[in-house]
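Chemist: Sending over a structure as structure tokens; questions will come in a sec.
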There are 2 protein chains.
Amino acid sequence: MKKIALAIHGGAGTIRKSMITKELESKYREGLKNALEAGWKILQAGGTSLDAVEASVIVLEDNPLFNAGRGAVFTHDEKNELDACVMDGKTLQAGAVAFVRNVKNPIKLARLVMEKTEHILLAGVGANEFARQMEVEFETDEYFFTDFRYRQLLTAREEHKIQLDHSGVQSSKSNPKSLGTVGAVACDFLGNVAAATSTGGMTNKKFGRVGDTPIVGAGTYADDKTCAVSCTGHGEFFMQTVAAYDVACRMKYKNLSLSEAANETIEHLRESGGEGGLIAVDAVGNIALPFNSEGMYRAFITSDGAAIMEIYK
Amino acid sequence: MKKIALAIHGGAGTIRKSMITKELESKYREGLKNALEAGWKILQAGGTSLDAVEASVIVLEDNPLFNAGRGAVFTHDEKNELDACVMDGKTLQAGAVAFVRNVKNPIKLARLVMEKTEHILLAGVGANEFARQMEVEFETDEYFFTDFRYRQLLTAREEHKIQLDHSGVQSSKSNPKSLGTVGAVACDFLGNVAAATSTGGMTNKKFGRVGDTPIVGAGTYADDKTCAVSCTGHGEFFMQTVAAYDVACRMKYKNLSLSEAANETIEHLRESGGEGGLIAVDAVGNIALPFNSEGMYRAFITSDGAAIMEIYK
């Protein structure tokens, strides 16, 4: 029997133990655990890596603690704009959406783009129109309203700046919920890998800024021949360094192992001035979770052992 | 004195000699020549590769023959939506816009994103708002109206399908003007490379579809350590194969030459079912222009010799 594996993340950034209460920490751990279990159940039952990463990301999108789906940050105009991407390492098919609104689970919509269209990336009003035609579940603005995200926006607007959600600038013990993106990567019994990423982007973002999450090769990538990758952090640096595909290239062109390749990519990101991390899995169930920030909400499980949930370095 | 080099393209696809009148062919050649001269003048005067690629692309955007800027194809809703991306191989900075409207030169706007914001990609209404704040030149809908593009839309809508602009399906001797994207890559006297790409996308496109052009790593990439690349063809395949960055990776991780790397990328594209081509230049002035379609409007010039303009295989 082949080894199966699943890893998830809930964002990387300035996450210090001193900034998070014990109560909150256990809520994050519970959120990660629930997301991990949702995907793992599918893998264990012989399901596909694609179904597993989608299931894990849906649980994270539905959890208001994480910056994706329900817990998305606010744009400058007090809206929640959502990005997501999914890629199937078996077929190299991918689907993504950028700044859709009121869609309960952007990752489901990304999968519909992959399966129902000839396109990879749909954005804005047009992507919302596609969502309506597909009859996906919509939610009200109130559903996406979370008080601490709204306070993050007010603070950021006051400072006249676009704030990266994972920035620790406004963090304090009472408001430390600074997160980035959510994502999942998996390897199933057939040795097929898949990756999924979803985010609410940057607090106070303007001008239709698109980050790395919905970009194949930047924030998300999957190929059975190499690996599946989902990134989190300061998006522009992941776009500039084409981070997700860079891990795959270091494996296929330099013959590095998954963990060597993933570490080199994150080291190169650091040299470029970028902060963040990634989760990656290869087709034989190895997992890598490198990051260069102070913390990354992350969890993983393989056929070898129990689930591991970690937050700090 | 270091070798300088400039290459441009005006789209790849089903372009057969039998489909194009002599008169039209000479118009295309003249369009390519004018664009090449605009960039070459800058390189010869000791200007930067960044300025050169921008100048060449502006000339192509202003020419109604090519599917970018003025000659952009129509969306399903009879609009012209424009994508562009520029990347500086010296700094690895990049800027891009997706589906902006009425902006005369999207490539100038992409450069402003690079130079005036902390972002890489702005899209839709937000990107247009940024354009207004930057006071770039706008043009009326009439400026972007070209009769043969409009006829392409009517035909495509009738067939209820999204038509790739370079598709030869509707082409005939009387209406063969089927083009894709425009782009330029250059190497200057300092050995710095840059890439620029601009497009009107697909005829009859819907749902806010974003192609490879504005995606760093897919349609456009530049790094002095490897090469500058601009792609043209069926966008989704270039996104899936992360084509532009793939050329760079084959150079830096496999130690291939520019032309070996570019050829491998286009061969891999073909194996994946994708059609199109790319132009690439490295930091010592080598040029590669591989494509797997029937033709690609292309031109290049180096310190070594005269300008070359080609259309067919």
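Following the order of the structure tokens, first chain is A, next is B, and so on, with residues numbered from 1 inside each chain and ligands from 1 in the order they appear.
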Skip segment 52-56 of chain B itself and residues of its chain fewer than 2 positions away, then list as a PDB file with C-alpha atoms, in the first residue's frame all residues within 6 Å of it, counting only C-alpha atoms.

Modeler:
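Saved as selection15.pdb:
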```pdb
ATOM      1  CA  ALA B  35       8.077  48.513 -33.550  1.00  0.00           C
ATOM      2  CA  LEU B  36      11.577  47.081 -33.812  1.00  0.00           C
ATOM      3  CA  ALA B  38      11.393  52.184 -31.784  1.00  0.00           C
ATOM      4  CA  GLY B  39      13.096  49.869 -29.300  1.00  0.00           C
ATOM      5  CA  ILE B  42      16.767  53.329 -27.471  1.00  0.00           C
ATOM      6  CA  SER B  49      16.173  47.225 -22.009  1.00  0.00           C
ATOM      7  CA  LEU B  50      13.121  48.225 -19.966  1.00  0.00           C
ATOM      8  CA  ILE B  58       3.643  50.829 -27.519  1.00  0.00           C
ATOM      9  CA  VAL B  59       4.088  50.872 -31.319  1.00  0.00           C
ATOM     10  CA  ALA B 184       9.188  42.416 -26.780  1.00  0.00           C
ATOM     11  CA  VAL B 185      12.367  41.250 -25.048  1.00  0.00           C
ATOM     12  CA  ALA B 196       6.935  43.199 -22.026  1.00  0.00           C
TER      13      ALA B 196
END
```

Chemist: Residues of chain A within 7 Å of chain B, counting only C-alpha atoms, what are they? List them as a list in words.

Modeler: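 Putting it all together, I get Leu92, His119, Ile120, Leu121, Leu122, Ala123, Gly124, Val125, Gly126, Ala127, Glu129, Phe130, Lys206, Phe207, Gly208, Arg209, Val210, Val216, Gly217, Glu236, Met239, Gln240, Val242, Cys249, Arg250, Tyr253 and Lys254 of chain A.
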
Chemist: Atom CA of Pro290 of chain A to atom CA of Leu258 of chain A: how many Å, to one decimal?

Modeler: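 Atom CA of Leu258 of chain A lies at a distance of 10.9 Å from atom CA of Pro290 of chain A.
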
Chemist: Hey, can you check how far atom CA of Gly233 of chain A sits from atom CA of Leu289 of chain A?

Modeler: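 Between these atoms lies a distance of 13.1 Å.
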
Chemist: Could you work out how far atom CA of Gly285 of chain B lies from atom CA of Ser303 of chain B, giving the answer in Å with one decimal?

Modeler: 8.4 Å

Chemist: Can you list, as a compact mmCIF listing (two decimals) with N, CA, C and O atoms, in the first residue's frame, every protein, DNA or RNA residue that comes within 9 Å of Asp223 of chain A when you count only C-alpha atoms, leaving out same-chain residues fewer than 4 positions away?

Modeler:
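Final output, selection01.txt:
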```txt
# COMPACT_ATOMS: atom_id res chain seq x y z
N MET A 87 -5.30 22.81 -8.07
CA MET A 87 -4.60 22.19 -9.19
C MET A 87 -4.47 20.69 -8.94
O MET A 87 -4.16 20.25 -7.83
N ASP A 88 -4.70 19.93 -10.00
CA ASP A 88 -4.68 18.48 -9.96
C ASP A 88 -3.37 17.99 -10.59
O ASP A 88 -3.15 18.16 -11.79
N GLY A 89 -2.52 17.38 -9.78
CA GLY A 89 -1.21 16.97 -10.26
C GLY A 89 -1.24 15.84 -11.27
O GLY A 89 -0.27 15.61 -11.99
N LYS A 90 -2.36 15.13 -11.32
CA LYS A 90 -2.50 14.01 -12.25
C LYS A 90 -2.68 14.51 -13.67
O LYS A 90 -2.06 14.00 -14.61
N THR A 91 -3.54 15.51 -13.83
CA THR A 91 -3.89 16.01 -15.17
C THR A 91 -3.22 17.35 -15.48
O THR A 91 -3.26 17.81 -16.63
N LEU A 92 -2.65 18.01 -14.48
CA LEU A 92 -2.12 19.37 -14.58
C LEU A 92 -3.22 20.39 -14.88
O LEU A 92 -2.93 21.53 -15.24
N ASN A 192 -1.21 10.24 -6.64
CA ASN A 192 -1.58 11.51 -7.28
C ASN A 192 -1.57 12.60 -6.24
O ASN A 192 -2.05 12.42 -5.12
N VAL A 193 -1.02 13.77 -6.62
CA VAL A 193 -0.97 14.89 -5.67
C VAL A 193 -1.88 16.02 -6.15
O VAL A 193 -2.22 16.10 -7.34
N ALA A 194 -2.28 16.87 -5.21
CA ALA A 194 -3.12 18.03 -5.54
C ALA A 194 -2.85 19.14 -4.54
O ALA A 194 -2.36 18.88 -3.43
N CYS A 227 5.67 17.54 -7.31
CA CYS A 227 5.08 17.83 -6.01
C CYS A 227 3.83 18.69 -6.13
O CYS A 227 3.52 19.19 -7.20
N ALA A 228 3.14 18.83 -5.00
CA ALA A 228 2.04 19.79 -4.89
C ALA A 228 2.43 20.81 -3.84
O ALA A 228 3.00 20.44 -2.80
N ALA A 248 8.97 22.81 -7.74
CA ALA A 248 8.89 21.71 -8.71
C ALA A 248 10.10 21.70 -9.64
O ALA A 248 10.65 20.64 -9.95
N ASP A 282 5.14 15.27 -2.01
CA ASP A 282 5.48 14.64 -3.28
C ASP A 282 4.64 13.37 -3.48
O ASP A 282 3.78 13.05 -2.63
N ALA A 283 4.87 12.68 -4.57
CA ALA A 283 3.99 11.57 -4.97
C ALA A 283 4.25 10.28 -4.19
O ALA A 283 3.57 9.28 -4.40
```

Chemist: Excluding Gly276 of chain A and any residue of its chain fewer than 6 positions from it, enumerate the residues within 8 Å of it, using only C-alpha atoms, and give them as a list in words.

Modeler: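 After dropping sequence-adjacent residues, the list is Ala12, Gly13, Cys231, Thr232, Gly233, His234, Ile266, Phe291, Asn292, Ser293 and Met296 of chain A.
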
Chemist: Keeping only C-alpha atoms, write those residues as a CSV table (one decimal), in the first residue's frame.

Modeler:
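The resulting selection.csv:
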```csv
chain,number,residue,atom,x,y,z
A,12,ALA,CA,2.2,32.5,8.0
A,13,GLY,CA,3.6,35.7,9.5
A,231,CYS,CA,2.1,29.1,-0.4
A,232,THR,CA,1.3,31.7,2.2
A,233,GLY,CA,2.9,35.1,2.9
A,234,HIS,CA,3.6,38.4,1.2
A,266,ILE,CA,12.1,29.6,0.9
A,291,PHE,CA,8.8,29.0,6.4
A,292,ASN,CA,10.9,32.1,7.2
A,293,SER,CA,8.4,34.0,9.2
A,296,MET,CA,2.9,29.4,10.4
```
